[in-house]
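*Asks:* Input run_20.cif, format and content: mmCIF, C-alpha atoms.
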data_upload
#
loop_
_atom_site.group_PDB
_atom_site.id
_atom_site.type_symbol
_atom_site.label_atom_id
_atom_site.label_comp_id
_atom_site.auth_asym_id
_atom_site.auth_seq_id
_atom_site.Cartn_x
_atom_site.Cartn_y
_atom_site.Cartn_z
ATOM 1 C CA MET B 1 104.684 102.703 85.231
ATOM 2 C CA SER B 2 105.931 106.258 85.366
ATOM 3 C CA PRO B 3 103.496 109.151 85.598
ATOM 4 C CA ARG B 4 103.123 111.293 82.463
ATOM 5 C CA SER B 5 101.933 114.332 84.375
ATOM 6 C CA ALA B 6 101.774 115.350 88.018
ATOM 7 C CA GLN B 7 98.258 116.698 87.407
ATOM 8 C CA ARG B 8 96.869 113.426 86.065
ATOM 9 C CA LEU B 9 97.878 110.581 88.400
ATOM 10 C CA VAL B 10 95.399 108.708 90.597
ATOM 11 C CA ILE B 11 97.018 106.288 93.013
ATOM 12 C CA PHE B 12 95.176 103.726 95.138
ATOM 13 C CA VAL B 13 96.799 102.742 98.427
ATOM 14 C CA CYS B 14 96.308 99.701 100.656
ATOM 15 C CA THR B 15 98.632 97.649 102.826
ATOM 16 C CA GLY B 16 100.500 95.160 100.636
ATOM 17 C CA ASN B 17 99.419 96.211 97.124
ATOM 18 C CA THR B 18 98.403 92.665 96.197
ATOM 19 C CA CYS B 19 94.615 92.675 96.763
ATOM 20 C CA ARG B 20 92.525 95.811 97.260
ATOM 21 C CA SER B 21 94.522 98.572 95.590
ATOM 22 C CA PRO B 22 95.378 96.557 92.451
ATOM 23 C CA MET B 23 91.706 95.622 92.090
ATOM 24 C CA ALA B 24 90.702 99.281 92.472
ATOM 25 C CA GLU B 25 93.382 100.344 89.978
ATOM 26 C CA ALA B 26 92.189 97.848 87.363
ATOM 27 C CA LEU B 27 88.495 98.563 87.943
ATOM 28 C CA LEU B 28 88.965 102.322 87.564
ATOM 29 C CA ARG B 29 91.118 101.873 84.467
ATOM 30 C CA HIS B 30 88.371 99.639 83.022
ATOM 31 C CA ALA B 31 85.651 102.210 83.850
ATOM 32 C CA LEU B 32 87.377 105.267 82.407
ATOM 33 C CA PRO B 33 86.899 106.167 78.750
ATOM 34 C CA ALA B 34 89.800 105.225 76.477
ATOM 35 C CA ASP B 35 90.644 108.903 75.954
ATOM 36 C CA ALA B 36 90.743 109.740 79.679
ATOM 37 C CA GLU B 37 93.712 111.877 80.650
ATOM 38 C CA TRP B 38 94.318 110.039 83.909
ATOM 39 C CA GLU B 39 97.064 107.583 84.687
ATOM 40 C CA ILE B 40 95.979 105.026 87.271
ATOM 41 C CA ALA B 41 98.382 103.279 89.642
ATOM 42 C CA SER B 42 98.494 101.585 93.025
ATOM 43 C CA ALA B 43 100.938 101.075 95.869
ATOM 44 C CA GLY B 44 101.113 99.711 99.392
ATOM 45 C CA LEU B 45 102.204 101.105 102.716
ATOM 46 C CA CYS B 46 103.916 97.823 103.634
ATOM 47 C CA ALA B 47 104.370 96.289 100.199
ATOM 48 C CA ILE B 48 107.094 93.860 99.270
ATOM 49 C CA PRO B 49 108.071 95.129 95.821
ATOM 50 C CA GLY B 50 107.519 92.803 92.877
ATOM 51 C CA LEU B 51 104.841 90.454 94.235
ATOM 52 C CA SER B 52 102.015 89.343 91.959
ATOM 53 C CA ALA B 53 98.415 90.164 92.749
ATOM 54 C CA SER B 54 96.878 87.557 95.020
ATOM 55 C CA GLY B 55 95.151 84.620 93.362
ATOM 56 C CA GLY B 56 91.834 85.689 94.859
ATOM 57 C CA ALA B 57 92.134 89.192 93.407
ATOM 58 C CA VAL B 58 93.070 87.801 89.987
ATOM 59 C CA ALA B 59 90.069 85.444 90.074
ATOM 60 C CA ALA B 60 87.644 88.133 91.281
ATOM 61 C CA LEU B 61 88.575 90.426 88.393
ATOM 62 C CA ARG B 62 88.648 87.606 85.862
ATOM 63 C CA ASP B 63 84.886 87.348 86.551
ATOM 64 C CA PHE B 64 84.657 90.856 85.020
ATOM 65 C CA GLY B 65 86.956 90.050 82.097
ATOM 66 C CA ILE B 66 89.849 92.018 83.614
ATOM 67 C CA ASP B 67 93.328 90.494 83.634
ATOM 68 C CA LEU B 68 95.312 91.364 86.766
ATOM 69 C CA SER B 69 98.107 88.842 86.146
ATOM 70 C CA ALA B 70 100.704 91.455 85.105
ATOM 71 C CA HIS B 71 100.394 93.448 88.355
ATOM 72 C CA ARG B 72 103.488 93.750 90.546
ATOM 73 C CA SER B 73 103.385 95.306 94.003
ATOM 74 C CA ARG B 74 105.278 98.414 94.996
ATOM 75 C CA MET B 75 105.710 100.681 97.990
ATOM 76 C CA LEU B 76 104.099 104.075 98.289
ATOM 77 C CA THR B 77 107.031 106.470 98.034
ATOM 78 C CA PRO B 78 107.309 110.196 98.732
ATOM 79 C CA ALA B 79 107.813 110.697 94.983
ATOM 80 C CA LEU B 80 104.514 108.943 94.177
ATOM 81 C CA VAL B 81 102.708 111.033 96.787
ATOM 82 C CA ARG B 82 104.134 114.236 95.276
ATOM 83 C CA GLN B 83 103.206 113.158 91.724
ATOM 84 C CA ALA B 84 99.638 112.142 92.537
ATOM 85 C CA SER B 85 96.764 114.506 91.891
ATOM 86 C CA VAL B 86 94.407 112.160 93.728
ATOM 87 C CA ILE B 87 95.357 109.600 96.381
ATOM 88 C CA VAL B 88 92.668 107.082 97.234
ATOM 89 C CA ALA B 89 93.034 105.032 100.421
ATOM 90 C CA LEU B 90 91.159 101.756 100.780
ATOM 91 C CA ALA B 91 90.823 102.036 104.572
ATOM 92 C CA SER B 92 90.953 104.753 107.203
ATOM 93 C CA THR B 93 94.167 103.284 108.643
ATOM 94 C CA HIS B 94 95.813 103.823 105.246
ATOM 95 C CA ARG B 95 94.511 107.390 105.090
ATOM 96 C CA ASP B 96 95.752 108.092 108.616
ATOM 97 C CA GLN B 97 99.230 106.707 107.875
ATOM 98 C CA ILE B 98 99.503 108.717 104.654
ATOM 99 C CA LEU B 99 98.477 111.883 106.506
ATOM 100 C CA GLN B 100 101.020 111.213 109.229
ATOM 101 C CA ASP B 101 103.829 110.620 106.719
ATOM 102 C CA HIS B 102 102.729 113.201 104.116
ATOM 103 C CA PRO B 103 100.615 115.938 105.732
ATOM 104 C CA ALA B 104 100.827 118.112 102.595
ATOM 105 C CA ALA B 105 98.758 115.475 100.737
ATOM 106 C CA GLU B 106 95.630 116.078 102.823
ATOM 107 C CA GLN B 107 93.660 117.967 100.148
ATOM 108 C CA ARG B 108 94.360 115.228 97.573
ATOM 109 C CA LEU B 109 93.598 112.262 99.849
ATOM 110 C CA PHE B 110 90.265 110.444 99.904
ATOM 111 C CA LEU B 111 88.764 107.199 101.167
ATOM 112 C CA LEU B 112 87.477 105.135 98.258
ATOM 113 C CA ARG B 113 84.149 104.384 99.944
ATOM 114 C CA SER B 114 83.452 108.115 100.238
ATOM 115 C CA PHE B 115 82.620 107.968 96.515
ATOM 116 C CA ALA B 116 80.054 105.158 96.924
ATOM 117 C CA ALA B 117 76.379 106.044 96.658
ATOM 118 C CA ASP B 118 75.559 103.559 99.442
ATOM 119 C CA GLU B 119 78.088 105.059 101.857
ATOM 120 C CA SER B 120 77.246 104.975 105.546
ATOM 121 C CA PRO B 121 79.397 106.702 108.193
ATOM 122 C CA ARG B 122 80.383 103.485 109.969
ATOM 123 C CA ASP B 123 81.300 101.624 106.789
ATOM 124 C CA HIS B 124 84.223 103.579 105.330
ATOM 125 C CA ASP B 125 86.779 100.790 105.031
ATOM 126 C CA ILE B 126 87.091 98.064 102.470
ATOM 127 C CA ASP B 127 88.170 95.008 104.418
ATOM 128 C CA ASP B 128 91.351 93.206 103.433
ATOM 129 C CA PRO B 129 90.462 89.838 101.859
ATOM 130 C CA VAL B 130 94.033 88.482 101.977
ATOM 131 C CA GLY B 131 93.969 84.794 102.844
ATOM 132 C CA ALA B 132 90.170 84.657 102.807
ATOM 133 C CA SER B 133 87.719 82.809 100.585
ATOM 134 C CA THR B 134 86.882 83.584 96.977
ATOM 135 C CA ALA B 135 83.584 84.992 98.248
ATOM 136 C CA ALA B 136 85.502 87.525 100.384
ATOM 137 C CA TYR B 137 87.467 88.673 97.327
ATOM 138 C CA ARG B 138 84.247 89.012 95.345
ATOM 139 C CA LEU B 139 82.682 91.048 98.156
ATOM 140 C CA CYS B 140 85.765 93.261 98.205
ATOM 141 C CA ARG B 141 85.478 93.680 94.428
ATOM 142 C CA GLU B 142 81.796 94.605 94.751
ATOM 143 C CA ARG B 143 82.502 97.203 97.428
ATOM 144 C CA ILE B 144 85.240 98.731 95.274
ATOM 145 C CA THR B 145 83.013 98.610 92.188
ATOM 146 C CA ALA B 146 80.247 100.472 94.049
ATOM 147 C CA ALA B 147 82.576 103.459 94.515
ATOM 148 C CA ILE B 148 84.022 103.602 90.998
ATOM 149 C CA PRO B 149 81.190 105.571 89.288
ATOM 150 C CA GLY B 150 81.388 108.297 91.940
ATOM 151 C CA LEU B 151 85.164 108.444 91.591
ATOM 152 C CA VAL B 152 84.854 108.685 87.789
ATOM 153 C CA ASP B 153 82.390 111.574 88.231
ATOM 154 C CA PHE B 154 84.797 113.286 90.625
ATOM 155 C CA LEU B 155 87.741 112.895 88.236
ATOM 156 C CA THR B 156 85.612 114.315 85.430
ATOM 157 C CA THR B 157 85.153 117.506 87.453
ATOM 158 C CA LEU B 158 88.942 117.803 87.762
ATOM 159 C CA SER B 159 89.621 117.327 84.042
#
Here is the file; what I need is its structure written in the form of structure tokens.
*Replies:*
Amino acid sequence: MSPRSAQRLVIFVCTGNTCRSPMAEALLRHALPADAEWEIASAGLCAIPGLSASGGAVAALRDFGIDLSAHRSRMLTPALVRQASVIVALASTHRDQILQDHPAAEQRLFLLRSFAADESPRDHDIDDPVGASTAAYRLCRERITAAIPGLVDFLTTLS
């Protein structure tokens, strides 16, 4: 996927780009109106390019009628950081690493859970479900889903 416009790219970032960030990407894409002017993507800080989404992530989104089977992982690159209008980290460690590597991105970088209505200061991260049970993937999906309406509202203010 190549960005159409530097002003309209939202990119979700996690570690391997096989669980959390692909789920967030698909859930936001599903929540946005069809005529939204945002391109949605995801990447990982330590991704092995070309891997499929994890089976747990695919199953968790299938519950919502969303097909994640076409997803392929990719690394977060300096070019993606430059192109993104909004960068959404799934955990504070991701945010911290992005800031260290790309300090100019600070004003465009957010933690996903900061958009959740139920946000509490000690609960900013969305835990990595890799290798865990189906229930852990569903919990991860629910925590991501809780933040999507707030993120949609935020993106609307930028449109």
*Asks:* Quick check on the file I pasted: which residues fall under the PyMOL selection byres ((chain B and resi 11) around 7)? Write them as number ranges by chain.
*Replies:* B: 9-10, 12-13, 40-42, 84, 86-88
*Asks:* Which is closest to Ala135 of chain B among B:Ser69, B:His102, B:Ala60, B:Ala89, if we use only C-alpha atoms?
*Replies:* B:Ala60
*Asks:* Care to translate the PyMOL selection byres ((chain B and resi 138) around 10) into actual residues of this file, as a list of chain:residue names?
*Replies:*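 Here the PyMOL selection byres ((chain B and resi 138) around 10) matches B:Gly56, B:Ala57, B:Ala59, B:Ala60, B:Leu61, B:Asp63, B:Pro129, B:Ser133, B:Thr134, B:Ala135, B:Ala136, B:Tyr137, B:Leu139, B:Cys140, B:Arg141, B:Glu142, B:Arg143, B:Ile144.
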*Asks:* Mind pulling up the distance from atom CA of Trp38 of chain B to atom CA of His94 of chain B?
*Replies:* 22.3 Å
*Asks:* Find, counting all atoms listed in the file, the residue in B:Leu155, B:Leu45, B:Ala26, B:Leu112 that gets nearest to Ile98 of chain B.
*Replies:*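 Of B:Leu155, B:Leu45, B:Ala26, B:Leu112, the one nearest Ile98 of chain B, counting all atoms listed in the file, is B:Leu45.
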*Asks:* Atom CA of Ala43 of chain B and atom CA of Arg108 of chain B are how many Å apart?
*Replies:*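 Those two atoms sit 15.7 Å apart.
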*Asks:* If you take every atom of segment 90-96 of chain B that the file lists and fit an axis-aligned box around them with 8 Å extra on each side, what centre and edge lengths come out in Å to one decimal, as JSON?
*Replies:*
{"center_x": 93.3, "center_y": 104.9, "center_z": 104.7, "size_x": 21.0, "size_y": 22.3, "size_z": 23.9}
*Asks:* Around (102.2, 92.1, 81.9) in the file's own coordinates, what residues are found within 12 Å if you use all atoms listed in the file, given back as JSON, numbers by chain?
*Replies:* {"B": [1, 52, 53, 67, 68, 69, 70, 71, 72]}
*Asks:* Between B:Leu28, B:Cys19, B:Ile126, B:Leu80, which has the minimum distance to Leu151 of chain B (counting only C-alpha atoms)?
*Replies:*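 Answer, going by the shortest atom-to-atom distance: B:Leu28.
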*Asks:* Any idea what the distance is between atom CA of Phe110 of chain B and atom CA of Asp96 of chain B?
*Replies:*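 Between atom CA of Phe110 of chain B and atom CA of Asp96 of chain B the gap works out to 10.6 Å.
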*Asks:* Pick out the closest residue to Ala47 of chain B from this set: B:Pro78, B:Gly16, B:Gly65, B:Pro22. Count only C-alpha atoms.
*Replies:*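 When distances to Ala47 of chain B are compared using only C-alpha atoms, the smallest one comes from B:Gly16.
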*Asks:* Give me the result of the PyMOL selection byres ((chain B and resi 49) around 6) on this file, residue by residue, as a list in words.
*Replies:*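 Given this file, the PyMOL selection byres ((chain B and resi 49) around 6) evaluates to Ala47, Ile48, Gly50, Leu51, Ser73 and Arg74 of chain B.
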*Asks:* Which residue gives the smallest distance to Ala36 of chain B among B:Thr93, B:Gln107, B:Arg8, B:Thr145, with only C-alpha atoms counted?
*Replies:*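 Counting only C-alpha atoms, the residue closest to Ala36 of chain B is B:Arg8.
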*Asks:* Considering only C-alpha atoms, can you say which of B:Ala79, B:Ile148, B:Ala132, B:Ala24 comes closest to Phe115 of chain B?
*Replies:*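 Of the candidates, the smallest distance to Phe115 of chain B is held by B:Ile148.
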*Asks:* Which residues, written as a PyMOL selection string, have at least one atom at most 6 Å from Cys14 of chain B, with all atoms listed in the file counted and residues fewer than 2 positions away on the same chain left out?
*Replies:* chain B and resi 17+21+44+90
